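Chemist: Got a structure for you, start15.txt, holding compact mmCIF, C-alpha atoms.
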# COMPACT_ATOMS: atom_id res chain seq x y z
CA VAL A 129 7.22 8.94 -0.57
CA ASN A 130 7.70 6.22 2.06
CA ALA A 131 10.43 3.63 1.59
CA CYS A 132 12.24 1.27 3.96
CA VAL A 133 13.58 -2.24 4.44
CA ASP A 134 10.94 -4.70 5.63
CA VAL A 135 12.18 -7.33 8.06
CA VAL A 136 9.62 -10.14 7.76
CA LEU A 137 9.42 -13.01 10.23
CA SER A 138 7.06 -14.99 12.47
CA GLY A 139 5.67 -12.71 15.19
CA VAL A 140 5.52 -15.52 17.73
CA ARG A 141 9.15 -16.51 17.05
CA LEU A 142 10.42 -12.94 17.45
CA LEU A 143 8.45 -12.27 20.66
CA GLU A 144 9.74 -15.55 22.13
CA ALA A 145 13.32 -14.64 21.09
CA LEU A 146 12.84 -11.31 22.94
CA GLY A 147 11.83 -13.28 26.06
CA LEU A 148 8.22 -12.08 25.95
CA GLU A 149 5.55 -14.48 27.16
CA ALA A 150 2.07 -15.00 25.76
CA GLY A 151 -0.56 -12.98 27.62
CA ASP A 152 -3.77 -11.01 27.24
CA GLY A 153 -4.17 -8.86 24.14
CA ARG A 154 -4.79 -5.12 24.33
CA ASN A 155 -4.94 -2.45 21.64
CA HIS A 156 -2.29 0.29 21.94
CA LEU A 157 -2.45 3.26 19.56
CA VAL A 158 1.30 3.84 20.13
CA LEU A 159 3.79 1.22 21.38
CA ASN A 160 5.97 2.49 24.22
CA SER A 161 7.59 -0.79 25.37
CA PRO A 162 8.13 -4.47 24.45
CA GLN A 163 5.17 -5.27 26.76
CA ASP A 164 2.93 -2.98 24.67
CA LEU A 165 4.18 -4.83 21.58
CA GLN A 166 3.24 -8.22 23.06
CA GLU A 167 -0.26 -7.00 24.01
CA ALA A 168 -0.98 -5.28 20.67
CA PHE A 169 0.31 -8.24 18.64
CA SER A 170 -1.89 -10.66 20.66
CA HIS A 171 -4.91 -8.35 20.27
CA PHE A 172 -4.70 -8.24 16.46
CA MET A 173 -3.60 -11.86 16.04
CA GLU A 174 -6.78 -12.93 17.86
CA LYS A 175 -8.86 -10.82 15.42
CA GLY A 176 -6.83 -11.91 12.38
CA ALA A 177 -6.65 -8.21 11.44
CA ALA A 178 -3.78 -6.25 9.89
CA ALA A 179 -2.49 -3.26 11.89
CA GLU A 180 0.43 -0.83 11.87
CA ARG A 181 1.82 1.02 14.90
CA PHE A 182 4.57 3.50 15.79
CA PHE A 183 7.12 2.40 18.42
CA SER A 184 8.03 5.51 20.41
CA ASP A 185 11.21 4.39 22.25
CA ALA A 186 14.11 4.66 19.76
CA GLU A 187 16.64 2.71 21.84
CA SER A 188 14.27 -0.14 22.59
CA PHE A 189 13.19 -0.28 18.92
CA GLN A 190 16.82 -0.51 17.71
CA ARG A 191 17.39 -3.50 20.02
CA ILE A 192 14.24 -5.24 18.71
CA ALA A 193 15.13 -4.40 15.08
CA ARG A 194 18.63 -5.85 15.53
CA ALA A 195 17.22 -9.06 17.04
CA ALA A 196 14.70 -9.31 14.20
CA SER A 197 17.12 -8.67 11.30
CA GLU A 198 19.67 -11.13 12.74
CA HIS A 199 17.07 -13.86 13.39
CA PRO A 200 17.87 -16.90 11.19
CA ALA A 201 14.26 -17.03 9.91
CA ALA A 202 14.10 -13.31 8.99
CA GLN A 203 13.74 -12.21 5.36
CA LEU A 204 14.65 -8.71 4.14
CA TYR A 205 12.55 -7.07 1.42
CA VAL A 206 11.80 -3.70 -0.15
CA GLY A 207 9.28 -2.00 2.15
CA GLY A 208 7.08 1.09 2.40
CA ASN A 209 3.92 1.50 0.31
CA ALA A 210 5.59 3.84 -2.21
CA ALA A 211 8.63 1.62 -2.76
CA LEU A 212 6.44 -1.51 -2.98
CA ILE A 213 4.09 0.04 -5.54
CA GLY A 214 7.13 1.31 -7.47
CA GLN A 215 8.81 -2.09 -7.32
CA LYS A 216 5.65 -3.81 -8.56
CA LEU A 217 5.20 -1.37 -11.47
CA ALA A 218 8.92 -1.72 -12.31
CA THR A 219 8.42 -5.41 -13.17
CA ASN A 220 6.85 -4.07 -16.38
CA PRO A 221 9.91 -3.64 -18.67
CA ASP A 222 8.32 -0.67 -20.48
CA LEU A 223 8.01 1.46 -17.34
CA LYS A 224 10.50 3.73 -15.59
CA ILE A 225 9.69 4.55 -11.96
CA LEU A 226 10.85 7.57 -9.96
CA LEU A 227 11.07 6.80 -6.22
CA CYS A 228 11.72 9.57 -3.71
CA GLY A 229 11.66 7.92 -0.30
CA PRO A 230 14.53 7.80 2.20
CA VAL A 231 16.72 5.15 0.49
CA GLY A 232 19.57 3.59 2.47
CA PRO A 233 22.27 1.23 1.13
CA LYS A 234 20.38 -2.04 1.72
CA LEU A 235 17.17 -0.74 0.15
CA HIS A 236 19.07 0.62 -2.86
CA GLU A 237 20.57 -2.83 -3.41
CA LEU A 238 17.09 -4.46 -3.26
CA LEU A 239 15.36 -2.08 -5.72
CA ASP A 240 14.63 -3.04 -9.35
CA ASP A 241 16.89 -1.53 -12.03
CA ASN A 242 13.87 0.29 -13.51
CA VAL A 243 13.50 2.32 -10.29
CA VAL A 244 15.26 5.70 -10.47
CA VAL A 245 16.32 7.26 -7.13
CA PRO A 246 17.42 10.94 -7.14
CA PRO A 247 20.74 11.54 -5.25
CA GLU A 248 18.85 13.78 -2.75
CA SER A 249 16.83 10.73 -1.66
CA MET A 250 19.86 8.68 -0.63
CA GLN A 251 20.75 8.43 3.06
CA GLU A 252 23.48 6.62 5.04
CA ARG A 253 21.20 4.44 7.17
CA ASP A 254 18.19 2.34 6.20
CA GLU A 255 14.82 2.72 7.89
CA PHE A 256 13.68 -0.71 9.13
CA HIS A 257 10.03 -1.77 9.51
CA LEU A 258 9.28 -5.02 11.34
CA ILE A 259 6.52 -7.21 9.91
CA LEU A 260 5.37 -9.90 12.33
CA GLU A 261 3.42 -12.55 10.42
CA TYR A 262 1.12 -15.29 11.71
CA GLN A 263 -0.63 -18.16 9.96
CA ALA A 264 -4.29 -19.22 9.98
CA GLY A 265 -4.90 -21.40 13.04
CA GLU A 266 -1.53 -20.50 14.63
CA GLU A 267 -1.67 -20.41 18.44
CA TRP A 268 0.20 -18.40 21.04
CA GLY A 269 -0.92 -18.92 24.61
CA GLN A 270 -4.71 -18.55 24.61
CA VAL A 271 -4.77 -16.74 21.25
CA ARG A 272 -5.66 -18.52 18.00
CA ALA A 273 -5.46 -16.65 14.67
CA PRO A 274 -8.65 -17.04 12.57
CA ASN A 275 -6.66 -16.30 9.38
CA ALA A 276 -3.18 -15.36 8.21
CA ASN A 277 -2.18 -11.70 8.53
CA ARG A 278 0.55 -9.46 9.92
CA PHE A 279 1.32 -6.77 12.51
CA ILE A 280 3.71 -3.97 11.44
CA PHE A 281 5.63 -1.54 13.65
CA SER A 282 8.54 0.90 13.28
CA HIS A 283 10.32 3.90 14.77
CA ASP A 284 10.61 5.75 11.51
CA LEU A 285 11.12 9.51 11.74
CA SER A 286 12.28 10.17 8.18
CA ASN A 287 9.20 8.66 6.54
CA GLY A 288 7.05 10.02 9.38
CA ALA A 289 8.03 13.59 8.48
CA LEU A 290 7.51 12.95 4.73
CA ASN A 291 11.08 14.22 4.35
CA MET A 292 11.28 13.44 0.65
CA LEU A 293 7.98 14.94 -0.54
CA GLU A 294 9.44 18.23 -1.80
CA VAL A 295 12.32 16.37 -3.50
CA PHE A 296 9.71 14.20 -5.22
CA VAL A 297 7.54 17.07 -6.48
CA SER A 298 10.56 19.10 -7.68
CA SER A 299 11.82 16.01 -9.61
CA LEU A 300 8.59 15.68 -11.61
CA ASP A 301 9.43 18.48 -14.10
CA GLU A 302 12.41 16.56 -15.42
CA PHE A 303 10.86 13.07 -15.08
CA GLN A 304 7.55 13.92 -16.83
CA PRO A 305 5.41 11.12 -15.33
CA ASP A 306 2.17 9.67 -16.73
CA LEU A 307 0.95 8.92 -13.19
CA VAL A 308 1.82 10.04 -9.66
CA VAL A 309 1.34 7.65 -6.75
CA LEU A 310 1.47 9.07 -3.22
CA SER A 311 1.61 7.17 0.04
CA GLY A 312 3.05 7.46 3.53
CA LEU A 313 0.61 9.92 5.16
CA HIS A 314 -0.13 7.30 7.85
CA MET A 315 3.55 7.44 8.90
CA MET A 316 2.95 11.00 10.18
CA GLU A 317 0.98 9.65 13.15
CA GLY A 318 4.26 9.25 15.05
CA GLN A 319 4.77 13.04 14.97
CA SER A 320 3.47 15.55 17.50
CA LYS A 321 0.08 17.10 16.68
CA GLU A 322 1.62 20.51 15.90
CA MET A 323 4.34 19.06 13.67
CA ARG A 324 1.80 16.86 11.90
CA HIS A 325 -0.57 19.79 11.25
CA ARG A 326 2.25 21.97 9.88
CA ARG A 327 3.67 19.17 7.72
CA LEU A 328 0.26 18.27 6.32
CA LEU A 329 -0.29 21.87 5.19
CA GLU A 330 3.16 21.82 3.53
CA ALA A 331 2.31 18.47 1.88
CA VAL A 332 -0.96 19.91 0.55
CA ALA A 333 0.93 22.90 -0.90
CA SER A 334 3.43 20.53 -2.59
CA ILE A 335 0.74 18.22 -3.99
CA SER A 336 -1.09 21.29 -5.35
CA ASP A 337 2.03 22.04 -7.45
CA ILE A 338 1.67 18.76 -9.40
CA PRO A 339 0.30 19.58 -12.91
CA THR A 340 -3.44 18.90 -13.06
CA ASP A 341 -3.17 16.78 -16.22
CA ILE A 342 -1.23 14.06 -14.31
CA PRO A 343 -3.58 11.67 -12.44
CA ILE A 344 -2.69 11.24 -8.75
CA HIS A 345 -3.38 8.05 -6.78
CA LEU A 346 -3.20 8.06 -2.96
CA GLU A 347 -2.63 4.74 -1.17
CA LEU A 348 -4.01 4.83 2.37
CA ALA A 349 -2.81 2.60 5.21
CA SER A 350 -3.65 1.73 8.81
CA MET A 351 -4.35 4.86 10.91
CA THR A 352 -5.63 5.52 14.44
CA ASP A 353 -5.94 9.32 14.83
CA GLN A 354 -9.50 10.41 13.99
CA ASP A 355 -8.73 14.15 13.73
CA PHE A 356 -5.86 13.48 11.33
CA MET A 357 -7.99 11.24 9.10
CA SER A 358 -10.81 13.78 9.24
CA ASN A 359 -8.40 16.50 8.02
CA ILE A 360 -7.24 14.30 5.14
CA VAL A 361 -10.86 13.63 4.09
CA HIS A 362 -12.52 17.00 4.57
CA GLN A 363 -10.21 19.80 3.64
CA GLN A 364 -6.73 18.61 2.94
CA VAL A 365 -5.59 15.78 0.71
CA LEU A 366 -8.59 13.85 -0.63
CA PRO A 367 -9.93 16.67 -2.89
CA LEU A 368 -6.48 16.94 -4.55
CA VAL A 369 -6.18 13.31 -5.69
CA ASN A 370 -8.01 11.47 -8.49
CA SER A 371 -7.89 7.99 -7.01
CA ILE A 372 -7.44 6.20 -3.67
CA GLY A 373 -6.68 2.62 -2.65
CA LEU A 374 -7.66 1.19 0.75
CA ASN A 375 -8.70 -1.94 2.65
CA GLU A 376 -11.63 -2.74 4.97
CA GLN A 377 -9.97 -1.38 8.15
CA GLU A 378 -9.18 1.94 6.48
CA LEU A 379 -12.62 2.21 4.86
CA LEU A 380 -14.45 1.69 8.16
CA PHE A 381 -12.13 4.11 10.00
CA LEU A 382 -12.66 6.69 7.26
CA THR A 383 -16.48 6.55 7.52
CA GLN A 384 -16.28 6.67 11.35
CA CYS A 385 -14.07 9.79 11.22
CA ALA A 386 -16.26 11.61 8.70
CA ALA A 387 -19.70 10.52 10.03
CA GLY A 388 -20.44 8.51 6.91
CA PRO A 389 -22.79 5.52 6.48
CA HIS A 390 -22.41 2.54 8.85
CA ALA A 391 -20.16 4.69 11.07
CA SER A 392 -21.69 3.09 14.19
CA LEU A 393 -20.28 -0.30 13.19
CA PRO A 394 -17.42 -0.94 15.67
CA ALA A 395 -15.69 -3.54 13.46
CA TRP A 396 -16.39 -5.86 10.53
CA SER A 397 -17.63 -9.30 11.47
CA GLY A 398 -15.90 -11.82 9.21
CA VAL A 399 -15.96 -10.96 5.49
CA PRO A 400 -17.08 -7.29 5.17
CA ASP A 401 -20.68 -7.05 3.95
CA VAL A 402 -20.69 -6.09 0.25
CA GLY A 403 -23.79 -3.88 0.60
CA ALA A 404 -22.32 -1.90 3.50
CA VAL A 405 -18.96 -1.49 1.71
CA SER A 406 -20.81 -0.35 -1.42
CA ASP A 407 -22.76 2.25 0.64
CA ILE A 408 -19.55 3.73 2.06
CA LEU A 409 -17.84 3.83 -1.36
CA PHE A 410 -20.92 5.53 -2.85
CA TRP A 411 -20.97 8.13 -0.05
CA LEU A 412 -17.23 8.74 -0.43
CA LEU A 413 -17.51 9.56 -4.14
CA LYS A 414 -20.89 11.31 -3.85
CA GLU A 415 -20.01 13.51 -0.84
CA HIS A 416 -16.25 13.95 -1.25
CA GLY A 417 -15.65 13.19 -4.92
CA ARG A 418 -15.88 15.19 -8.14
CA ALA A 419 -19.05 17.28 -8.47
CA ALA A 420 -20.09 20.54 -10.12
CA ARG A 421 -20.59 22.21 -6.73
CA ARG A 422 -17.37 20.93 -5.17
CA ALA A 423 -13.66 21.50 -5.81
CA SER A 424 -12.59 17.85 -5.70
CA ASP A 425 -10.77 15.67 -8.24
CA LEU A 426 -11.59 12.32 -6.58
CA THR A 427 -13.27 9.97 -9.11
CA ARG A 428 -11.93 6.48 -8.31
CA VAL A 429 -11.73 4.22 -5.23
CA HIS A 430 -10.11 0.78 -5.34
CA PHE A 431 -11.29 -1.20 -2.30
CA HIS A 432 -9.60 -4.50 -1.46
CA THR A 433 -10.28 -7.03 1.26
CA LEU A 434 -9.15 -10.66 1.54
CA ALA A 435 -12.27 -12.17 -0.09
CA TYR A 436 -13.14 -9.63 -2.82
CA HIS A 437 -12.35 -6.28 -4.47
CA ILE A 438 -14.58 -3.42 -5.61
CA LEU A 439 -13.54 -0.67 -8.00
CA ALA A 440 -15.91 2.32 -7.75
CA THR A 441 -15.60 5.13 -10.31
CA VAL A 442 -17.47 8.31 -11.23
CA ASP A 443 -18.83 7.82 -14.77
CA GLY A 444 -16.87 9.49 -17.55
CA TYR A 445 -13.45 9.59 -15.90
CA TRP A 446 -12.06 6.03 -16.07
CA GLY A 447 -12.07 3.12 -18.50
CA ASN A 448 -11.06 -0.55 -18.50
CA GLN A 449 -12.43 -1.15 -14.98
CA VAL A 450 -13.25 -4.83 -15.63
CA ALA A 451 -9.63 -5.62 -16.51
CA ALA A 452 -8.30 -3.41 -13.68
CA VAL A 453 -10.29 -5.01 -10.87
CA ALA A 454 -9.66 -8.52 -12.28
CA ALA A 455 -5.92 -7.87 -12.56
CA GLY A 456 -5.79 -6.70 -8.93
CA ALA A 457 -7.61 -9.83 -7.76
CA ARG A 458 -5.35 -12.09 -9.81
CA ALA A 459 -2.24 -10.37 -8.40
CA ALA A 460 -3.51 -10.99 -4.84
CA GLY A 461 -3.75 -14.74 -5.47
CA THR A 462 -0.41 -15.09 -7.25
CA GLN A 463 1.66 -12.97 -4.82
CA ALA A 464 0.23 -14.53 -1.65
CA CYS A 465 0.97 -18.04 -3.01
CA ALA A 466 4.26 -16.93 -4.66
CA THR A 467 3.26 -18.50 -7.99
CA GLU A 468 3.53 -17.07 -11.52
CA THR A 469 -0.12 -17.88 -12.30
CA ILE A 470 -3.11 -18.92 -10.17
CA ASP A 471 -2.67 -22.53 -9.02
CA THR A 472 -6.24 -23.75 -8.40
CA GLY A 473 -5.01 -26.38 -5.94
CA LYS A 474 -3.57 -23.68 -3.68
CA VAL A 475 -6.52 -21.27 -3.54
CA PHE A 476 -10.13 -21.19 -2.35
CA LEU A 477 -13.16 -18.89 -2.66
CA LYS A 478 -14.17 -16.91 0.43
CA ALA A 479 -16.36 -14.27 -1.23
CA PRO A 480 -20.16 -14.40 -0.75
CA LEU A 481 -21.85 -16.11 -3.71
CA GLU A 482 -25.01 -14.04 -3.06
CA PHE A 483 -25.12 -10.47 -1.82
CA VAL A 484 -27.11 -7.24 -1.96
CA THR A 485 -25.58 -4.10 -3.49
CA SER A 486 -26.72 -1.77 -0.66
CA GLN A 487 -27.94 -1.88 2.93
CA LEU A 488 -29.47 1.62 2.73
CA GLU A 489 -31.15 1.91 -0.71
CA ALA A 490 -33.56 -0.48 -2.40
CA PRO A 491 -30.93 -3.11 -3.09
CA THR A 492 -30.27 -5.32 -6.07
CA LYS A 493 -29.67 -8.94 -5.14
CA VAL A 494 -26.72 -10.54 -6.95
CA SER A 495 -26.07 -14.24 -7.42
CA PHE A 496 -22.50 -14.80 -8.49
CA ASN A 497 -21.96 -16.38 -11.92
CA PRO A 498 -18.49 -17.96 -12.34
CA ASP A 499 -18.70 -17.43 -16.12
CA GLU A 500 -18.75 -13.67 -15.50
CA PRO A 501 -16.36 -13.15 -12.59
CA VAL A 502 -16.70 -9.33 -12.60
CA VAL A 503 -20.13 -8.12 -11.43
CA ARG A 504 -21.22 -4.58 -12.41
CA TRP A 505 -23.87 -2.25 -11.04
CA HIS A 506 -24.68 1.48 -11.20
CA ARG A 507 -25.89 4.01 -8.67
CA GLU A 508 -26.48 7.69 -9.49
CA GLY A 509 -23.59 8.21 -11.90
CA ILE A 510 -21.18 5.88 -10.09
CA SER A 511 -20.14 2.47 -11.46
CA PHE A 512 -19.20 -0.46 -9.24
CA HIS A 513 -17.10 -3.42 -10.42
CA PHE A 514 -16.92 -6.36 -7.98
CA THR A 515 -14.81 -9.50 -8.27
CA PRO A 516 -14.02 -12.30 -5.80
CA VAL A 517 -10.41 -13.13 -4.92
CA LEU A 518 -8.98 -16.62 -5.14
CA VAL A 519 -7.54 -16.66 -1.62
CA CYS A 520 -4.27 -18.49 -1.03
CA LYS A 521 -4.71 -21.45 1.39
CA ASP A 522 -1.15 -21.24 2.76
CA PRO A 523 0.14 -17.73 2.03
CA VAL A 524 3.88 -17.41 1.61
CA ARG A 525 3.88 -13.63 2.06
CA THR A 526 1.02 -11.28 2.95
CA VAL A 527 3.00 -8.06 3.38
CA GLY A 528 2.61 -5.53 0.59
CA LEU A 529 -0.38 -7.35 -0.86
CA GLY A 530 -2.55 -4.19 -0.87
CA ASP A 531 0.23 -2.28 -2.64
CA THR A 532 0.54 -4.98 -5.31
CA ILE A 533 -3.24 -4.98 -5.80
CA SER A 534 -3.40 -1.19 -6.18
CA ALA A 535 -0.37 -1.10 -8.50
CA GLU A 536 -1.78 -3.78 -10.78
CA GLY A 537 -5.22 -2.11 -10.80
CA LEU A 538 -3.62 1.22 -11.76
CA LEU A 539 -1.57 -0.39 -14.53
CA TYR A 540 -4.79 -1.62 -16.20
CA SER A 541 -6.86 1.53 -15.51
CA GLU A 542 -7.38 4.10 -18.24
CA ALA A 543 -7.68 7.69 -17.04
CA TYR A 544 -9.62 9.84 -19.51
CA ALA A 545 -8.14 13.27 -20.26
CA HIS A 546 -10.30 16.19 -19.05
Take the structure in this file and express it as structure tokens.
Modeler:
Amino acid sequence: VNACVDVVLSGVRLLEALGLEAGDGRNHLVLNSPQDLQEAFSHFMEKGAAAERFFSDAESFQRIARAASEHPAAQLYVGGNAALIGQKLATNPDLKILLCGPVGPKLHELLDDNVVVPPESMQERDEFHLILEYQAGEEWGQVRAPNANRFIFSHDLSNGALNMLEVFVSSLDEFQPDLVVLSGLHMMEGQSKEMRHRRLLEAVASISDIPTDIPIHLELASMTDQDFMSNIVHQQVLPLVNSIGLNEQELLFLTQCAAGPHASLPAWSGVPDVGAVSDILFWLLKEHGRAARRASDLTRVHFHTLAYHILATVDGYWGNQVAAVAAGARAAGTQACATETIDTGKVFLKAPLEFVTSQLEAPTKVSFNPDEPVVRWHREGISFHFTPVLVCKDPVRTVGLGDTISAEGLLYSEAYAH
């Protein structure tokens, strides 16, 4: 239920246009000023990590948004996880997509014809999100980016309050979907604690109204509030959905918030260790997924990081995992390079060619075989499908990559009726 216009441009160019000088990096959970923006951008650029933050000062944000959207190098795209997943699925001519985010005039113009927007979702002004990109090896002051990535920030109250969730759920009766995709919970972090708690309970009540025979996928995104994430995992949203999509930052934050395996790890070092990722995915489905003793519908996790993807599923609930994880990996390579098919001259392999399947259990050692690019293993009723990603050498556009990956993986996944 989150939708906006993404203003995409070079982070260094925008900060220089705003008159901000290169300086020391520092992590800010909320941005209160242009100085906070400079420090947070430098902090994450140095790590080469994706991050998303709320900008609290509306007036200051509007000035920055105006400067960004009018910058000659700026590009305007469909934005927001829900709209991006919808837009990706809409490229399939046989699909009709219902989108219930706050849709302003510019966003409406950018959306695919296969995307249906109810009149109640239309609003007079667009919500803008600023995506500051940087390239591998790019320098700003003392900072040098180890790889290409982006820093996202917004002052978005409409998406932050999940304003369109009830409109969405009430539209499902008429639309009769085969699949429901939810996203935007991370946008609530800009709200006060009380408002967020109340709205989350209302969201849970709304999601509970979705017929149980329709599979629900939840796309997670960058979050910083441990209590909020803990609520989502333990008693609120996770038990209501069948599937989730997330990246390495979100996976580590999730295990830290819920005292899962490898929770003491402060950050990933380079490419996330496959065994450690596999342990966390196993714990997530074993402890918080579908089980006889637990009221949870969660049976599928699609994990994506730059170098590889893993699709973990509870046996008996999903089919076609090989095609699904491969399709997601292929989509990552083609979208980042902006090519129709994988161009082998423009991509490289960053995934480990040997790895262990667990850091906690007696592990299986895997040597990668290029003739079988999807590796499978089992662990106590849970199947894992791993595939490397052909990483784009000079990415044209990194924003929305996770949404494209999840959308493509869902398109190829078969949910068994229960």
Chemist: Determine the nearest neighbour of Ser197 (chain A) from the options A:Ala177, A:Leu137, A:Leu227, A:Leu157, counting all atoms listed in the file.
Modeler: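 Closest to Ser197 (chain A), using all atoms listed in the file: A:Leu137.
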Chemist: Could you list as an mmCIF file with C-alpha atoms, keeping the file's coordinate frame every residue that has an atom within 12 Å of (-20.6, 10.6, -1.9), using the file's coordinates and counting only C-alpha atoms?
Modeler:
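The result, stored in part.cif:
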data_model
loop_
_atom_site.group_PDB
_atom_site.id
_atom_site.type_symbol
_atom_site.label_atom_id
_atom_site.label_comp_id
_atom_site.auth_asym_id
_atom_site.auth_seq_id
_atom_site.Cartn_x
_atom_site.Cartn_y
_atom_site.Cartn_z
ATOM 1 C CA VAL A 361 -10.860 13.630 4.090
ATOM 2 C CA THR A 383 -16.480 6.550 7.520
ATOM 3 C CA ALA A 386 -16.260 11.610 8.700
ATOM 4 C CA ALA A 387 -19.700 10.520 10.030
ATOM 5 C CA GLY A 388 -20.440 8.510 6.910
ATOM 6 C CA PRO A 389 -22.790 5.520 6.480
ATOM 7 C CA SER A 406 -20.810 -0.350 -1.420
ATOM 8 C CA ASP A 407 -22.760 2.250 0.640
ATOM 9 C CA ILE A 408 -19.550 3.730 2.060
ATOM 10 C CA LEU A 409 -17.840 3.830 -1.360
ATOM 11 C CA PHE A 410 -20.920 5.530 -2.850
ATOM 12 C CA TRP A 411 -20.970 8.130 -0.050
ATOM 13 C CA LEU A 412 -17.230 8.740 -0.430
ATOM 14 C CA LEU A 413 -17.510 9.560 -4.140
ATOM 15 C CA LYS A 414 -20.890 11.310 -3.850
ATOM 16 C CA GLU A 415 -20.010 13.510 -0.840
ATOM 17 C CA HIS A 416 -16.250 13.950 -1.250
ATOM 18 C CA GLY A 417 -15.650 13.190 -4.920
ATOM 19 C CA ARG A 418 -15.880 15.190 -8.140
ATOM 20 C CA ALA A 419 -19.050 17.280 -8.470
ATOM 21 C CA ARG A 422 -17.370 20.930 -5.170
ATOM 22 C CA SER A 424 -12.590 17.850 -5.700
ATOM 23 C CA LEU A 426 -11.590 12.320 -6.580
ATOM 24 C CA THR A 427 -13.270 9.970 -9.110
ATOM 25 C CA ARG A 428 -11.930 6.480 -8.310
ATOM 26 C CA VAL A 429 -11.730 4.220 -5.230
ATOM 27 C CA ALA A 440 -15.910 2.320 -7.750
ATOM 28 C CA THR A 441 -15.600 5.130 -10.310
ATOM 29 C CA VAL A 442 -17.470 8.310 -11.230
ATOM 30 C CA ARG A 507 -25.890 4.010 -8.670
ATOM 31 C CA GLU A 508 -26.480 7.690 -9.490
ATOM 32 C CA GLY A 509 -23.590 8.210 -11.900
ATOM 33 C CA ILE A 510 -21.180 5.880 -10.090
#
Chemist: Tell me, as a ChimeraX atom specification, which residues lie within 8 Å of region 140-151 of chain A, counting only C-alpha atoms; anything in the same chain fewer than 2 positions away does not count.
Modeler: /A:137-138,153,162-163,166-167,170,192,195-196,199,260,262,268-270
Chemist: Enter the distance from CA of Arg327 (chain A) to CA of Leu290 (chain A), in Å, rounded to one decimal.
Modeler: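 We find that CA of Arg327 (chain A) and CA of Leu290 (chain A) lie 7.9 Å from each other.
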Chemist: Using all atoms listed in the file, find the one residue out of A:Asn242, A:Asn209, A:Ser184, A:Ser299 that sits nearest to Phe281 (chain A).
Modeler: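 Among A:Asn242, A:Asn209, A:Ser184, A:Ser299, it is A:Ser184 that comes nearest to Phe281 (chain A).
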Chemist: Hey, which of A:Thr219, A:Thr433, A:Thr485, A:Ser358 ends up closest to Ala460 (chain A)? Count all atoms listed in the file.
Modeler: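 Comparing A:Thr219, A:Thr433, A:Thr485, A:Ser358 against Ala460 (chain A), the winner is A:Thr433.
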Chemist: Report, in Å with one decimal, the straight-line distance from CA of Asp353 (chain A) to CA of His314 (chain A).
Modeler: 9.3 Å
Chemist: Find the residue from A:Arg253, A:Lys175, A:Gly288, A:Leu313 that sits nearest to Gly265 (chain A); use only C-alpha atoms when measuring.
Modeler: A:Lys175
Chemist: Please provide the set of residues having any atom within 8 Å of Val369 (chain A), restricted to all atoms listed in the file, with same-chain residues fewer than 6 positions apart removed, written as a PyMOL selection string.
Modeler: chain A and resi 343-346+424-426
Chemist: Have a look at A:Ser298, A:Thr352, A:Gln263, A:Ser282 and name the one nearest to Glu378 (chain A); count only C-alpha atoms.
Modeler: A:Thr352
Chemist: For Gln304 (chain A), work out the shell of residues within 12 Å, counting all atoms listed in the file and skipping chain neighbours fewer than 4 positions away, then give it as a PDB file with C-alpha atoms, in the frame of the given file.
Modeler:
ATOM      1  CA  LYS A 224      10.500   3.730 -15.590  1.00  0.00           C
ATOM      2  CA  ILE A 225       9.690   4.550 -11.960  1.00  0.00           C
ATOM      3  CA  LEU A 226      10.850   7.570  -9.960  1.00  0.00           C
ATOM      4  CA  PHE A 296       9.710  14.200  -5.220  1.00  0.00           C
ATOM      5  CA  VAL A 297       7.540  17.070  -6.480  1.00  0.00           C
ATOM      6  CA  SER A 298      10.560  19.100  -7.680  1.00  0.00           C
ATOM      7  CA  SER A 299      11.820  16.010  -9.610  1.00  0.00           C
ATOM      8  CA  LEU A 300       8.590  15.680 -11.610  1.00  0.00           C
ATOM      9  CA  VAL A 308       1.820  10.040  -9.660  1.00  0.00           C
ATOM     10  CA  ILE A 338       1.670  18.760  -9.400  1.00  0.00           C
ATOM     11  CA  PRO A 339       0.300  19.580 -12.910  1.00  0.00           C
ATOM     12  CA  ASP A 341      -3.170  16.780 -16.220  1.00  0.00           C
ATOM     13  CA  ILE A 342      -1.230  14.060 -14.310  1.00  0.00           C
TER      14      ILE A 342
END
Chemist: Please provide the set of residues having any atom within 6 Å of Ser486 (chain A), restricted to only C-alpha atoms, with same-chain residues fewer than 3 positions apart removed, written as a PyMOL selection string.
Modeler: chain A and resi 403+407+489+491
Chemist: Around (-16.1, -7.7, -6.5) in the file's own coordinates, what residues are found within 6 Å if you use all atoms listed in the file, given back as JSON, numbers by chain?
Modeler: {"A": [436, 437, 438, 513, 514, 515, 516]}
Chemist: Find, counting all atoms listed in the file, the residue in A:Lys321, A:His430, A:His546, A:Arg504 that gets nearest to Gly530 (chain A).
Modeler: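 Among the listed residues, the smallest separation from Gly530 (chain A) belongs to A:His430.
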